>>> print(open('coords-v2.cif').read())   # mmCIF, C-alpha atoms and all ligand atoms
data_upload
#
loop_
_atom_site.group_PDB
_atom_site.id
_atom_site.type_symbol
_atom_site.label_atom_id
_atom_site.label_comp_id
_atom_site.auth_asym_id
_atom_site.auth_seq_id
_atom_site.Cartn_x
_atom_site.Cartn_y
_atom_site.Cartn_z
ATOM 1 C CA MET A 1 95.964 92.145 130.238
ATOM 2 C CA THR A 2 95.333 91.010 126.660
ATOM 3 C CA THR A 3 92.880 92.935 124.504
ATOM 4 C CA ARG A 4 90.591 91.006 122.177
ATOM 5 C CA ILE A 5 91.249 91.802 118.527
ATOM 6 C CA GLU A 6 88.175 91.773 116.285
ATOM 7 C CA ARG A 7 89.270 89.539 113.452
ATOM 8 C CA PRO A 8 87.009 88.638 110.509
ATOM 9 C CA LEU A 9 85.193 85.329 111.041
ATOM 10 C CA SER A 10 85.193 82.688 108.358
ATOM 11 C CA PRO A 11 81.749 81.984 106.893
ATOM 12 C CA HIS A 12 79.805 79.037 108.230
ATOM 13 C CA LEU A 13 76.670 77.103 107.231
ATOM 14 C CA GLN A 14 74.208 79.758 108.443
ATOM 15 C CA THR A 15 75.946 82.384 106.314
ATOM 16 C CA TYR A 16 75.977 80.500 103.019
ATOM 17 C CA ARG A 17 72.947 80.710 100.740
ATOM 18 C CA VAL A 18 72.039 77.186 99.689
ATOM 19 C CA THR A 19 72.552 76.844 95.950
ATOM 20 C CA LEU A 20 71.816 73.963 93.596
ATOM 21 C CA THR A 21 75.512 73.216 93.066
ATOM 22 C CA MET A 22 76.097 73.241 96.831
ATOM 23 C CA ALA A 23 73.187 70.854 97.472
ATOM 24 C CA LEU A 24 74.361 68.528 94.703
ATOM 25 C CA SER A 25 77.900 68.585 96.079
ATOM 26 C CA ILE A 26 76.542 67.297 99.403
ATOM 27 C CA ILE A 27 74.390 64.733 97.579
ATOM 28 C CA HIS A 28 77.448 63.587 95.589
ATOM 29 C CA ARG A 29 79.337 62.853 98.786
ATOM 30 C CA ALA A 30 76.271 61.238 100.423
ATOM 31 C CA THR A 31 75.670 58.966 97.401
ATOM 32 C CA GLY A 32 79.387 58.084 97.420
ATOM 33 C CA ILE A 33 79.073 56.960 101.045
ATOM 34 C CA ALA A 34 75.808 55.082 100.257
ATOM 35 C CA LEU A 35 77.667 53.211 97.509
ATOM 36 C CA TYR A 36 79.913 51.576 100.103
ATOM 37 C CA PHE A 37 76.786 49.942 101.590
ATOM 38 C CA GLY A 38 75.449 49.121 98.130
ATOM 39 C CA THR A 39 78.744 47.394 97.345
ATOM 40 C CA LEU A 40 78.230 45.240 100.447
ATOM 41 C CA LEU A 41 74.833 44.213 99.052
ATOM 42 C CA LEU A 42 76.469 43.362 95.718
ATOM 43 C CA ALA A 43 79.096 41.278 97.545
ATOM 44 C CA TRP A 44 76.336 39.481 99.514
ATOM 45 C CA TRP A 45 74.549 38.665 96.212
ATOM 46 C CA LEU A 46 77.725 37.310 94.555
ATOM 47 C CA ILE A 47 78.819 35.309 97.610
ATOM 48 C CA ALA A 48 75.289 33.838 97.912
ATOM 49 C CA ALA A 49 75.282 32.925 94.211
ATOM 50 C CA ALA A 50 78.587 31.097 94.711
ATOM 51 C CA SER A 51 77.421 29.428 97.943
ATOM 52 C CA GLY A 52 74.325 27.600 96.699
ATOM 53 C CA PRO A 53 70.520 27.649 96.433
ATOM 54 C CA THR A 54 69.740 28.157 100.143
ATOM 55 C CA ALA A 55 72.002 31.199 100.488
ATOM 56 C CA TYR A 56 70.687 32.567 97.175
ATOM 57 C CA ALA A 57 67.068 32.090 98.308
ATOM 58 C CA HIS A 58 67.792 34.411 101.265
ATOM 59 C CA VAL A 59 68.990 37.140 98.897
ATOM 60 C CA GLN A 60 65.955 36.640 96.682
ATOM 61 C CA ALA A 61 63.602 36.843 99.674
ATOM 62 C CA PHE A 62 65.213 40.169 100.563
ATOM 63 C CA THR A 63 65.234 41.606 97.026
ATOM 64 C CA SER A 64 61.605 40.654 96.410
ATOM 65 C CA SER A 65 60.371 42.266 99.649
ATOM 66 C CA LEU A 66 59.098 45.858 99.593
ATOM 67 C CA ILE A 67 61.918 47.153 101.800
ATOM 68 C CA GLY A 68 64.475 45.235 99.713
ATOM 69 C CA LYS A 69 63.097 46.751 96.519
ATOM 70 C CA LEU A 70 63.157 50.257 98.026
ATOM 71 C CA ILE A 71 66.795 49.786 99.088
ATOM 72 C CA LEU A 72 67.714 48.444 95.637
ATOM 73 C CA PHE A 73 65.920 51.357 93.966
ATOM 74 C CA GLY A 74 67.854 53.770 96.207
ATOM 75 C CA TYR A 75 71.100 51.960 95.404
ATOM 76 C CA THR A 76 70.379 52.165 91.654
ATOM 77 C CA TRP A 77 69.748 55.898 91.971
ATOM 78 C CA ALA A 78 72.840 56.473 94.183
ATOM 79 C CA LEU A 79 75.017 54.613 91.672
ATOM 80 C CA LEU A 80 73.644 56.307 88.559
ATOM 81 C CA HIS A 81 73.437 59.741 90.139
ATOM 82 C CA HIS A 82 77.019 59.463 91.449
ATOM 83 C CA LEU A 83 78.161 58.309 88.002
ATOM 84 C CA VAL A 84 76.590 61.170 86.015
ATOM 85 C CA SER A 85 77.395 63.698 88.724
ATOM 86 C CA GLY A 86 80.983 62.384 88.731
ATOM 87 C CA ILE A 87 81.213 62.916 84.958
ATOM 88 C CA ARG A 88 80.147 66.540 85.666
ATOM 89 C CA TYR A 89 83.215 66.854 87.930
ATOM 90 C CA PHE A 90 85.419 65.568 85.110
ATOM 91 C CA PHE A 91 84.151 68.443 82.897
ATOM 92 C CA TRP A 92 85.153 70.887 85.612
ATOM 93 C CA ASP A 93 88.514 69.107 86.106
ATOM 94 C CA LEU A 94 89.163 69.598 82.391
ATOM 95 C CA GLY A 95 88.463 73.315 82.802
ATOM 96 C CA TYR A 96 84.996 73.511 81.169
ATOM 97 C CA GLY A 97 81.571 74.559 82.423
ATOM 98 C CA PHE A 98 82.425 77.218 84.996
ATOM 99 C CA LYS A 99 80.111 79.994 83.738
ATOM 100 C CA ALA A 100 77.017 80.399 85.949
ATOM 101 C CA ASN A 101 74.605 79.117 83.276
ATOM 102 C CA GLU A 102 76.902 76.179 82.377
ATOM 103 C CA ARG A 103 77.311 75.235 86.034
ATOM 104 C CA GLU A 104 73.547 75.233 86.513
ATOM 105 C CA ALA A 105 72.924 73.295 83.278
ATOM 106 C CA LEU A 106 75.493 70.614 84.197
ATOM 107 C CA THR A 107 74.044 70.291 87.684
ATOM 108 C CA TRP A 108 70.387 70.109 86.561
ATOM 109 C CA GLY A 109 71.495 67.697 83.839
ATOM 110 C CA ALA A 110 73.142 65.376 86.391
ATOM 111 C CA LEU A 111 70.100 65.489 88.681
ATOM 112 C CA ILE A 112 67.586 64.791 85.914
ATOM 113 C CA ALA A 113 69.770 62.198 84.125
ATOM 114 C CA GLY A 114 70.348 60.300 87.401
ATOM 115 C CA ILE A 115 66.587 60.047 88.052
ATOM 116 C CA ALA A 116 65.720 59.292 84.400
ATOM 117 C CA LEU A 117 68.370 56.540 84.107
ATOM 118 C CA THR A 118 67.221 54.957 87.382
ATOM 119 C CA VAL A 119 63.608 54.800 86.185
ATOM 120 C CA LEU A 120 64.799 53.453 82.813
ATOM 121 C CA VAL A 121 66.880 50.687 84.439
ATOM 122 C CA TRP A 122 63.872 49.607 86.535
ATOM 123 C CA ILE A 123 61.511 49.689 83.541
ATOM 124 C CA ILE A 124 63.981 47.482 81.613
ATOM 125 C CA ALA A 125 64.418 45.183 84.649
ATOM 126 C CA TYR A 126 60.647 44.663 84.918
ATOM 127 C CA ALA A 127 60.269 44.328 81.121
ATOM 128 C CA ILE A 128 62.747 41.449 81.014
ATOM 129 C CA GLY A 129 61.177 39.856 84.088
ATOM 130 C CA ALA A 130 64.005 40.517 86.522
ATOM 131 C CA GLY A 131 61.826 42.669 88.777
ATOM 132 C CA ARG A 132 59.334 39.879 89.552
HETATM 133 C C1 LIG A 201 81.007 51.927 94.120
HETATM 134 C C2 LIG A 201 81.572 52.937 93.494
HETATM 135 C C3 LIG A 201 81.906 54.277 94.128
HETATM 136 C C4 LIG A 201 82.088 54.625 95.438
HETATM 137 C C5 LIG A 201 82.003 53.743 96.673
HETATM 138 C C6 LIG A 201 82.391 56.048 95.457
HETATM 139 C C7 LIG A 201 82.609 56.804 96.592
HETATM 140 C C8 LIG A 201 82.865 58.140 96.612
HETATM 141 C C9 LIG A 201 82.918 58.984 97.783
HETATM 142 C C10 LIG A 201 82.740 58.516 99.223
HETATM 143 C C11 LIG A 201 83.202 60.246 97.388
HETATM 144 C C12 LIG A 201 83.327 61.482 98.287
HETATM 145 C C13 LIG A 201 84.760 61.793 98.592
HETATM 146 C C14 LIG A 201 84.823 63.091 99.359
HETATM 147 O O1 LIG A 201 83.968 63.955 99.173
HETATM 148 O O2 LIG A 201 85.761 63.241 100.142
HETATM 149 C C15 LIG A 201 83.364 60.218 95.959
HETATM 150 C C16 LIG A 201 83.714 61.302 95.204
HETATM 151 C C17 LIG A 201 83.818 61.279 93.831
HETATM 152 N N1 LIG A 201 83.414 60.268 92.991
HETATM 153 FE FE1 LIG A 201 82.886 58.396 93.585
HETATM 154 N N2 LIG A 201 82.407 56.523 94.174
HETATM 155 C C18 LIG A 201 82.101 55.480 93.328
HETATM 156 C C19 LIG A 201 81.979 55.509 91.965
HETATM 157 C C20 LIG A 201 82.259 56.616 91.170
HETATM 158 C C21 LIG A 201 82.143 56.628 89.734
HETATM 159 C C22 LIG A 201 81.683 55.452 88.857
HETATM 160 C C23 LIG A 201 82.535 57.841 89.330
HETATM 161 C C24 LIG A 201 82.596 58.247 87.885
HETATM 162 C C25 LIG A 201 82.159 59.244 87.366
HETATM 163 C C26 LIG A 201 82.882 58.639 90.520
HETATM 164 C C27 LIG A 201 83.361 59.943 90.549
HETATM 165 C C28 LIG A 201 83.644 60.663 91.683
HETATM 166 C C29 LIG A 201 84.229 62.007 91.692
HETATM 167 C C30 LIG A 201 84.644 62.809 90.484
HETATM 168 C C31 LIG A 201 84.335 62.380 93.040
HETATM 169 C C32 LIG A 201 84.929 63.691 93.584
HETATM 170 C C33 LIG A 201 83.924 64.767 93.709
HETATM 171 C C34 LIG A 201 84.546 65.998 94.333
HETATM 172 O O3 LIG A 201 85.515 66.536 93.786
HETATM 173 O O4 LIG A 201 84.036 66.445 95.374
HETATM 174 N N3 LIG A 201 82.704 57.834 91.626
HETATM 175 N N4 LIG A 201 83.130 58.938 95.508
#
>>> encode(input="coords-v2.cif", output="structure tokens")
Amino acid sequence: MTTRIERPLSPHLQTYRVTLTMALSIIHRATGIALYFGTLLLAWWLIAAASGPTAYAHVQAFTSSLIGKLILFGYTWALLHHLVSGIRYFFWDLGYGFKANEREALTWGALIAGIALTVLVWIIAYAIGAGR
């Protein structure tokens, strides 16, 4: 008969305390996956532009609808958040920003910069008339 040996268990999701860096790590991966779908939208736009006015009108009907605008806003945020959050990873890859306060500052910075840049891009888009 074999006796069960009590070995230590590896931690799992219920054991970890959710931290800002952990949440942003998940968001980084999620935005990366969302970018695949955003790239499909970009490809649709370019192919339609090359195909002619009817195909382009379909894209425009989508991008000027409320749902289309919401998806584009989400795509803008996913792209800009992933970009600034990705730059944060480059700091870490270079060996900087590992102290607790630096980690937090970089992570808050990426979160705030991603949102601020998204709003800025949309303000500029509307200001030049592209949002209409
Ligand atoms: C359309 C463009 C992009 C797509 C589709 C994309 C997709 C992804 C995906 C799916 C991941 C997660 C990989 C994983 O966790 O296994 C990832 C990670 C990463 N991305 Fe992007 N990405 C894009 C653009 C960028 C840009 C512009 C940067 C520049 C800063 C960037 C920097 C990073 C970094 C540093 C990681 C690794 C993060 C880690 O170590 O966990 N990505 N990307």
>>> residues_near_ligand(input="coords-v2.cif", ligand="ligand LIG 201 (chain A)", cutoff="8 Å", atoms="only C-alpha atoms and all ligand atoms", output="PyMOL selection string")
chain A and resi 25+28-36+38-39+79+82-90
>>> resolve_selection(input="coords-v2.cif", expression="the PyMOL selection byres (((chain A and resi 70-74) around 10) and not hetatm)", output="ChimeraX atom specification")
/A:31,34-35,38,41,62-69,75-80,118-119,121-122
>>> atom_distance(input="coords-v2.cif", atom1="atom CA of A:His58", atom2="atom CA of A:Ile115")
28.9 Å
>>> atom_distance(input="coords-v2.cif", atom1="atom CA of A:Gly109", atom2="atom CA of A:Ile123")
20.6 Å
>>> resolve_selection(input="coords-v2.cif", expression="the PyMOL selection byres (((chain A and resi 20) around 10) and not hetatm)", output="list of chain:residue names")
A:Arg17, A:Val18, A:Thr19, A:Thr21, A:Met22, A:Ala23, A:Leu24, A:Ser25, A:Arg103, A:Glu104, A:Thr107, A:Trp108, A:Leu111
>>> write_last_selection(input="coords-v2.cif", atoms="C-alpha atoms", output="PDB file, in the frame of the given file")
ATOM      1  CA  ARG A  17      72.947  80.710 100.740  1.00  0.00           C
ATOM      2  CA  VAL A  18      72.039  77.186  99.689  1.00  0.00           C
ATOM      3  CA  THR A  19      72.552  76.844  95.950  1.00  0.00           C
ATOM      4  CA  THR A  21      75.512  73.216  93.066  1.00  0.00           C
ATOM      5  CA  MET A  22      76.097  73.241  96.831  1.00  0.00           C
ATOM      6  CA  ALA A  23      73.187  70.854  97.472  1.00  0.00           C
ATOM      7  CA  LEU A  24      74.361  68.528  94.703  1.00  0.00           C
ATOM      8  CA  SER A  25      77.900  68.585  96.079  1.00  0.00           C
ATOM      9  CA  ARG A 103      77.311  75.235  86.034  1.00  0.00           C
ATOM     10  CA  GLU A 104      73.547  75.233  86.513  1.00  0.00           C
ATOM     11  CA  THR A 107      74.044  70.291  87.684  1.00  0.00           C
ATOM     12  CA  TRP A 108      70.387  70.109  86.561  1.00  0.00           C
ATOM     13  CA  LEU A 111      70.100  65.489  88.681  1.00  0.00           C
TER      14      LEU A 111
END
>>> atom_distance(input="coords-v2.cif", atom1="atom CA of A:Leu40", atom2="atom CA of A:Ala55")
15.4 Å
>>> axis_aligned_box(input="coords-v2.cif", around="stretch 78-86 of chain A", padding_each_side="4 Å", output="lines of an AutoDock Vina configuration file")
center_x = 76.9
center_y = 59.2
center_z = 90.1
size_x = 16.1
size_y = 17.1
size_z = 16.2
>>> closest_residue(input="coords-v2.cif", among="A:Ala127, A:Ala113, A:Ala105, A:Leu46", to="A:Gln60", atoms="all atoms listed in the file")
A:Leu46
